[in-house]
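Listing of final.pdb; format and content: PDB, C-alpha atoms and all ligand atoms.
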ATOM      1  CA  ILE A 691      41.830   5.224   1.856
ATOM      2  CA  PHE A 692      40.191   1.817   2.059
ATOM      3  CA  LEU A 693      38.326   1.111   5.278
ATOM      4  CA  PRO A 694      37.432  -2.595   5.151
ATOM      5  CA  HIS A 695      35.658  -2.519   8.540
ATOM      6  CA  LEU A 696      33.283   0.179   7.185
ATOM      7  CA  ALA A 697      32.693  -1.518   3.842
ATOM      8  CA  ALA A 698      32.049  -4.846   5.548
ATOM      9  CA  SER A 699      29.417  -3.278   7.810
ATOM     10  CA  LEU A 700      27.282  -2.118   4.856
ATOM     11  CA  GLU A 701      24.136  -4.195   4.639
ATOM     12  CA  VAL A 702      22.792  -5.663   1.410
ATOM     13  CA  GLU A 703      19.028  -5.093   1.479
ATOM     14  CA  GLU A 704      16.034  -5.831  -0.721
ATOM     15  CA  THR A 705      13.225  -3.447  -1.560
ATOM     16  CA  TYR A 706       9.888  -3.779  -3.310
ATOM     17  CA  ILE A 707       9.352  -1.096  -5.943
ATOM     18  CA  MET A 708       6.081  -0.889  -7.833
ATOM     19  CA  ILE A 709       5.107   1.308 -10.750
ATOM     20  CA  LYS A 710       1.481   2.165 -10.023
ATOM     21  CA  PRO A 711      -1.262   2.063 -12.701
ATOM     22  CA  ASP A 712      -0.840   5.777 -13.574
ATOM     23  CA  GLY A 713       2.874   5.211 -14.269
ATOM     24  CA  VAL A 714       2.046   2.321 -16.592
ATOM     25  CA  GLN A 715      -0.780   4.206 -18.370
ATOM     26  CA  ARG A 716       1.415   7.293 -18.833
ATOM     27  CA  GLY A 717       4.231   5.292 -20.450
ATOM     28  CA  LEU A 718       6.724   5.917 -17.635
ATOM     29  CA  VAL A 719       7.785   2.285 -17.107
ATOM     30  CA  GLY A 720      11.139   2.561 -18.918
ATOM     31  CA  GLU A 721      11.943   5.955 -17.382
ATOM     32  CA  ILE A 722      11.290   4.721 -13.831
ATOM     33  CA  ILE A 723      13.178   1.419 -14.207
ATOM     34  CA  SER A 724      16.114   3.370 -15.694
ATOM     35  CA  ARG A 725      16.545   5.471 -12.591
ATOM     36  CA  PHE A 726      17.145   2.423 -10.379
ATOM     37  CA  GLU A 727      19.297   0.704 -13.030
ATOM     38  CA  LYS A 728      21.491   3.768 -13.546
ATOM     39  CA  LYS A 729      21.950   4.240  -9.798
ATOM     40  CA  GLY A 730      23.575   0.812  -9.729
ATOM     41  CA  PHE A 731      21.090  -1.402  -7.927
ATOM     42  CA  LYS A 732      20.440  -4.995  -8.992
ATOM     43  CA  LEU A 733      17.062  -5.977 -10.416
ATOM     44  CA  THR A 734      16.055  -9.380  -9.045
ATOM     45  CA  GLY A 735      12.349  -9.489  -9.955
ATOM     46  CA  LEU A 736      10.151  -7.868 -12.613
ATOM     47  CA  LYS A 737       6.606  -8.445 -13.845
ATOM     48  CA  LEU A 738       3.539  -6.691 -15.242
ATOM     49  CA  PHE A 739       0.621  -7.655 -13.045
ATOM     50  CA  GLU A 740      -3.066  -6.967 -12.473
ATOM     51  CA  CYS A 741      -3.358  -6.684  -8.727
ATOM     52  CA  PRO A 742      -6.345  -8.362  -7.029
ATOM     53  CA  LYS A 743      -8.205  -6.206  -4.479
ATOM     54  CA  GLU A 744      -7.254  -8.553  -1.588
ATOM     55  CA  LEU A 745      -3.540  -8.203  -2.367
ATOM     56  CA  ALA A 746      -3.760  -4.402  -2.521
ATOM     57  CA  GLU A 747      -5.557  -4.438   0.852
ATOM     58  CA  GLU A 748      -2.913  -6.714   2.395
ATOM     59  CA  HIS A 749      -0.060  -4.607   0.982
ATOM     60  CA  TYR A 750      -1.524  -1.398   2.431
ATOM     61  CA  LYS A 751      -3.044  -2.959   5.587
ATOM     62  CA  ASP A 752      -1.321  -0.406   7.880
ATOM     63  CA  LEU A 753      -3.390   2.324   6.179
ATOM     64  CA  GLN A 754      -6.748   0.497   6.570
ATOM     65  CA  SER A 755      -8.201   3.095   8.953
ATOM     66  CA  LYS A 756      -7.330   6.094   6.754
ATOM     67  CA  SER A 757     -10.099   7.967   4.953
ATOM     68  CA  PHE A 758      -8.223   7.661   1.639
ATOM     69  CA  PHE A 759      -7.919   3.833   1.918
ATOM     70  CA  PRO A 760     -10.866   2.953  -0.407
ATOM     71  CA  ASN A 761      -9.587   5.389  -3.060
ATOM     72  CA  LEU A 762      -6.063   3.998  -2.663
ATOM     73  CA  ILE A 763      -7.292   0.436  -3.252
ATOM     74  CA  SER A 764      -9.304   1.392  -6.335
ATOM     75  CA  TYR A 765      -6.296   3.371  -7.656
ATOM     76  CA  ILE A 766      -3.869   0.453  -7.231
ATOM     77  CA  THR A 767      -6.308  -2.039  -8.798
ATOM     78  CA  SER A 768      -7.369   0.291 -11.669
ATOM     79  CA  GLY A 769      -4.897  -1.192 -14.180
ATOM     80  CA  PRO A 770      -1.693  -3.197 -14.452
ATOM     81  CA  VAL A 771       1.220  -2.396 -12.163
ATOM     82  CA  VAL A 772       4.905  -3.230 -12.625
ATOM     83  CA  CYS A 773       6.245  -5.210  -9.660
ATOM     84  CA  MET A 774       9.988  -5.100  -9.014
ATOM     85  CA  ALA A 775      12.454  -6.408  -6.488
ATOM     86  CA  TRP A 776      15.767  -4.531  -6.216
ATOM     87  CA  GLU A 777      18.812  -5.486  -4.193
ATOM     88  CA  GLY A 778      21.797  -3.480  -2.993
ATOM     89  CA  VAL A 779      23.675  -1.866  -0.163
ATOM     90  CA  GLY A 780      21.296   0.580   1.521
ATOM     91  CA  VAL A 781      18.762   0.119  -1.281
ATOM     92  CA  VAL A 782      15.662   0.692   0.903
ATOM     93  CA  GLU A 783      16.453   4.240   1.998
ATOM     94  CA  SER A 784      18.213   5.108  -1.245
ATOM     95  CA  ALA A 785      15.176   4.055  -3.319
ATOM     96  CA  ARG A 786      12.915   6.173  -1.093
ATOM     97  CA  LYS A 787      15.207   9.143  -1.831
ATOM     98  CA  LEU A 788      15.117   8.457  -5.574
ATOM     99  CA  ILE A 789      11.287   8.250  -5.363
ATOM    100  CA  GLY A 790      10.824  11.463  -3.346
ATOM    101  CA  ALA A 791       8.162  12.667  -0.913
ATOM    102  CA  THR A 792       4.698  11.067  -0.818
ATOM    103  CA  ASN A 793       3.095  14.321  -1.980
ATOM    104  CA  PRO A 794       4.701  15.021  -5.379
ATOM    105  CA  LEU A 795       4.284  18.768  -4.830
ATOM    106  CA  ASN A 796       6.740  18.432  -1.925
ATOM    107  CA  ALA A 797       9.059  16.026  -3.761
ATOM    108  CA  MET A 798      12.384  17.534  -4.825
ATOM    109  CA  PRO A 799      13.146  18.033  -8.511
ATOM    110  CA  GLY A 800      15.334  15.147  -9.610
ATOM    111  CA  THR A 801      13.222  12.604  -7.765
ATOM    112  CA  ILE A 802      10.737  10.419  -9.630
ATOM    113  CA  ARG A 803       7.683  11.987  -8.000
ATOM    114  CA  GLY A 804       9.241  15.467  -8.110
ATOM    115  CA  ASP A 805       9.826  15.183 -11.849
ATOM    116  CA  LEU A 806       6.866  13.092 -12.984
ATOM    117  CA  ALA A 807       3.826  13.574 -10.731
ATOM    118  CA  VAL A 808       1.614  16.229  -9.140
ATOM    119  CA  GLN A 809      -0.831  14.507  -6.752
ATOM    120  CA  THR A 810      -0.472  12.223  -3.724
ATOM    121  CA  GLY A 811      -3.281  10.047  -5.086
ATOM    122  CA  ARG A 812      -1.408   9.676  -8.425
ATOM    123  CA  ASN A 813       2.199   9.484  -7.305
ATOM    124  CA  VAL A 814       3.307   6.843  -9.860
ATOM    125  CA  VAL A 815       5.523   4.639  -7.723
ATOM    126  CA  HIS A 816       5.773   2.707  -4.444
ATOM    127  CA  GLY A 817       8.897   1.873  -2.448
ATOM    128  CA  SER A 818       9.210  -0.158   0.778
ATOM    129  CA  ASP A 819       9.832   1.979   3.869
ATOM    130  CA  SER A 820      12.086  -0.433   5.839
ATOM    131  CA  PRO A 821      14.255  -3.508   5.180
ATOM    132  CA  GLU A 822      11.655  -5.632   7.061
ATOM    133  CA  ASN A 823       8.864  -4.332   4.827
ATOM    134  CA  GLY A 824      11.075  -4.860   1.772
ATOM    135  CA  ILE A 825      11.263  -8.570   2.604
ATOM    136  CA  ARG A 826       7.558  -8.747   3.547
ATOM    137  CA  GLU A 827       6.390  -7.021   0.358
ATOM    138  CA  ILE A 828       8.618  -9.021  -2.002
ATOM    139  CA  ALA A 829       7.232 -12.216  -0.442
ATOM    140  CA  LEU A 830       3.708 -10.855  -0.880
ATOM    141  CA  TRP A 831       4.007  -9.864  -4.555
ATOM    142  CA  PHE A 832       6.337 -12.544  -5.937
ATOM    143  CA  LYS A 833       6.017 -16.321  -5.997
ATOM    144  CA  GLU A 834       8.832 -18.779  -5.453
ATOM    145  CA  GLY A 835      10.792 -19.033  -8.713
ATOM    146  CA  GLU A 836       9.946 -15.518  -9.950
ATOM    147  CA  LEU A 837      13.071 -13.971  -8.442
ATOM    148  CA  CYS A 838      16.561 -14.215  -9.974
ATOM    149  CA  LYS A 839      19.541 -14.242  -7.650
ATOM    150  CA  TRP A 840      22.182 -13.376 -10.207
ATOM    151  CA  ALA A 841      25.628 -11.823 -10.094
ATOM    152  CA  PRO A 842      26.044  -8.953 -12.582
ATOM    153  CA  THR A 843      29.581  -9.004 -14.027
ATOM    154  CA  ILE A 844      29.738  -5.240 -13.414
ATOM    155  CA  ASP A 845      29.481  -5.723  -9.617
ATOM    156  CA  PRO A 846      33.143  -4.938  -8.771
ATOM    157  CA  TRP A 847      32.738  -1.566 -10.551
ATOM    158  CA  LEU A 848      29.794  -0.664  -8.299
ATOM    159  CA  ASN A 849      30.741  -2.219  -4.961
ATOM    160  CA  GLU A 850      34.134  -2.492  -3.303
ATOM    161  CA  ILE A 851      33.095  -5.725  -1.647
ATOM    162  CA  ASN A 852      30.631  -8.238  -3.034
TER     163      ASN A 852
HETATM  164  N1  LIG B   1      -1.992   8.255  -0.089
HETATM  165  C1  LIG B   1      -3.094   9.014  -0.429
HETATM  166  N2  LIG B   1      -3.428  10.087   0.369
HETATM  167  C2  LIG B   1      -2.727  10.404   1.485
HETATM  168  C3  LIG B   1      -1.616   9.613   1.836
HETATM  169  C4  LIG B   1      -1.267   8.543   1.030
HETATM  170  O1  LIG B   1      -3.742   8.759  -1.439
HETATM  171  O2  LIG B   1      -3.084  11.377   2.167
HETATM  172  C5  LIG B   1      -1.602   7.114  -0.945
HETATM  173  C6  LIG B   1      -0.425   7.452  -1.858
HETATM  174  O3  LIG B   1      -0.621   6.748  -3.090
HETATM  175  C7  LIG B   1       0.738   6.884  -1.087
HETATM  176  C8  LIG B   1       0.112   5.618  -0.495
HETATM  177  O4  LIG B   1      -1.202   6.018  -0.130
HETATM  178  O5  LIG B   1       1.846   6.621  -1.927
HETATM  179  C9  LIG B   1       0.821   5.044   0.703
HETATM  180  O6  LIG B   1       0.971   6.049   1.674
HETATM  181  P1  LIG B   1       2.348   6.213   2.468
HETATM  182  O7  LIG B   1       2.117   7.200   3.548
HETATM  183  O8  LIG B   1       2.863   4.866   2.833
HETATM  184  O9  LIG B   1       3.286   6.931   1.376
HETATM  185  P2  LIG B   1       4.544   6.364   0.549
HETATM  186  O10 LIG B   1       5.268   5.379   1.434
HETATM  187  O11 LIG B   1       4.007   5.738  -0.723
HETATM  188  O12 LIG B   1       5.367   7.579   0.243
HETATM  189 MG    MG B   2       4.541   3.711   2.477
END

Could you show the structure in this file as structure tokens?
Ligand code: UDP
Ligand code: MG
Amino acid sequence: IFLPHLAASLEVEETYIMIKPDGVQRGLVGEIISRFEKKGFKLTGLKLFECPKELAEEHYKDLQSKSFFPNLISYITSGPVVCMAWEGVGVVESARKLIGATNPLNAMPGTIRGDLAVQTGRNVVHGSDSPENGIREIALWFKEGELCKWAPTIDPWLNEIN
């Protein structure tokens, strides 16, 4: 049965997904992008980028006081990253599920970290943890004009309501 009131209440969100330098070095870019594409989310931004230290520090500012912070910043700035913006209904939480637990040893098989990584400090991918942070992080990593607001022709086959 079709429940228009339920479908209409589903929120379109944006999330910032980043393939970390280990993912790029290990040749996992295509594999990781594929997982979000196949799920049915819409890619709205994509670039290979060498992250300046200040940007890494701003992105992870909530973790400033943690003992691992300096290592985290040198990890993220150790090589190019792939920056992505993805859009979709419930994309923030769904992407976090596709990514898996922060510690790859606790991440379920089938998730990106569960399948492709072993260490927290080399966990191959980032995903925003809330819709607010999705918006904040996309604004931080992308400039005006780098995002494409397009309408995939396949949309009606993925979403009841567009
Ligand atoms: N991290 C780390 N050691 C820790 C916790 C986190 O090196 O004990 C790194 C790891 O790369 C993680 C990132 O810091 O992905 C951000 O931590 P957060 O808790 O936000 O995990 P995430 O949201 O990425 O799952
Ligand atoms: Mg986080």

To verify the selection step, state as a short mmCIF file (atom, residue, chain, number, x, y, z; two decimals) with C-alpha atoms, keeping the file's coordinate frame which residues the PyMOL selection byres (((chain A and resi 781-787) around 10) and not hetatm) yields on this input.
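Result file follows (expr.cif):
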data_model
loop_
_atom_site.label_atom_id
_atom_site.label_comp_id
_atom_site.auth_asym_id
_atom_site.auth_seq_id
_atom_site.Cartn_x
_atom_site.Cartn_y
_atom_site.Cartn_z
CA GLU A 701 24.14 -4.20 4.64
CA VAL A 702 22.79 -5.66 1.41
CA GLU A 703 19.03 -5.09 1.48
CA GLU A 704 16.03 -5.83 -0.72
CA THR A 705 13.22 -3.45 -1.56
CA TYR A 706 9.89 -3.78 -3.31
CA ILE A 707 9.35 -1.10 -5.94
CA ARG A 725 16.55 5.47 -12.59
CA PHE A 726 17.14 2.42 -10.38
CA LYS A 729 21.95 4.24 -9.80
CA GLY A 730 23.58 0.81 -9.73
CA PHE A 731 21.09 -1.40 -7.93
CA LYS A 732 20.44 -5.00 -8.99
CA TRP A 776 15.77 -4.53 -6.22
CA GLU A 777 18.81 -5.49 -4.19
CA GLY A 778 21.80 -3.48 -2.99
CA VAL A 779 23.68 -1.87 -0.16
CA GLY A 780 21.30 0.58 1.52
CA LEU A 788 15.12 8.46 -5.57
CA ILE A 789 11.29 8.25 -5.36
CA GLY A 790 10.82 11.46 -3.35
CA ALA A 791 8.16 12.67 -0.91
CA THR A 792 4.70 11.07 -0.82
CA ALA A 797 9.06 16.03 -3.76
CA MET A 798 12.38 17.53 -4.82
CA GLY A 800 15.33 15.15 -9.61
CA THR A 801 13.22 12.60 -7.76
CA ILE A 802 10.74 10.42 -9.63
CA HIS A 816 5.77 2.71 -4.44
CA GLY A 817 8.90 1.87 -2.45
CA SER A 818 9.21 -0.16 0.78
CA ASP A 819 9.83 1.98 3.87
CA SER A 820 12.09 -0.43 5.84
CA PRO A 821 14.26 -3.51 5.18
CA GLU A 822 11.66 -5.63 7.06
CA ASN A 823 8.86 -4.33 4.83
CA GLY A 824 11.08 -4.86 1.77
#

Reference answer for the PyMOL selection byres (((chain A and resi 713) around 10) and not hetatm), as a short mmCIF file (atom, residue, chain, number, x, y, z; two decimals) with C-alpha atoms, keeping the file's coordinate frame:
data_model
loop_
_atom_site.label_atom_id
_atom_site.label_comp_id
_atom_site.auth_asym_id
_atom_site.auth_seq_id
_atom_site.Cartn_x
_atom_site.Cartn_y
_atom_site.Cartn_z
CA MET A 708 6.08 -0.89 -7.83
CA ILE A 709 5.11 1.31 -10.75
CA LYS A 710 1.48 2.16 -10.02
CA PRO A 711 -1.26 2.06 -12.70
CA ASP A 712 -0.84 5.78 -13.57
CA VAL A 714 2.05 2.32 -16.59
CA GLN A 715 -0.78 4.21 -18.37
CA ARG A 716 1.42 7.29 -18.83
CA GLY A 717 4.23 5.29 -20.45
CA LEU A 718 6.72 5.92 -17.64
CA VAL A 719 7.78 2.28 -17.11
CA GLY A 720 11.14 2.56 -18.92
CA GLU A 721 11.94 5.96 -17.38
CA ILE A 722 11.29 4.72 -13.83
CA PRO A 770 -1.69 -3.20 -14.45
CA VAL A 771 1.22 -2.40 -12.16
CA VAL A 772 4.90 -3.23 -12.62
CA LEU A 806 6.87 13.09 -12.98
CA ALA A 807 3.83 13.57 -10.73
CA ARG A 812 -1.41 9.68 -8.43
CA ASN A 813 2.20 9.48 -7.30
CA VAL A 814 3.31 6.84 -9.86
CA VAL A 815 5.52 4.64 -7.72
#

Practice task
Write out as JSON, numbers by chain which residues come within 10 Å of stretch 830-836 of chain A when counting only C-alpha atoms, dropping same-chain ones fewer than 4 positions away.
Solution key: {"A": [706, 708, 734, 735, 736, 737, 739, 741, 745, 746, 748, 749, 773, 774, 775, 824, 825, 826]}

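Atom O12 of ligand LIG 1 (chain B) is positioned 15.4 Å from atom CA of A:Gln754.
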
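Between ligand LIG 1 (chain B) and the residues A:Ser757, A:Thr810, A:Ser764, A:Ser724, the shortest atom-to-atom distance, using only C-alpha atoms and all ligand atoms, involves A:Thr810.
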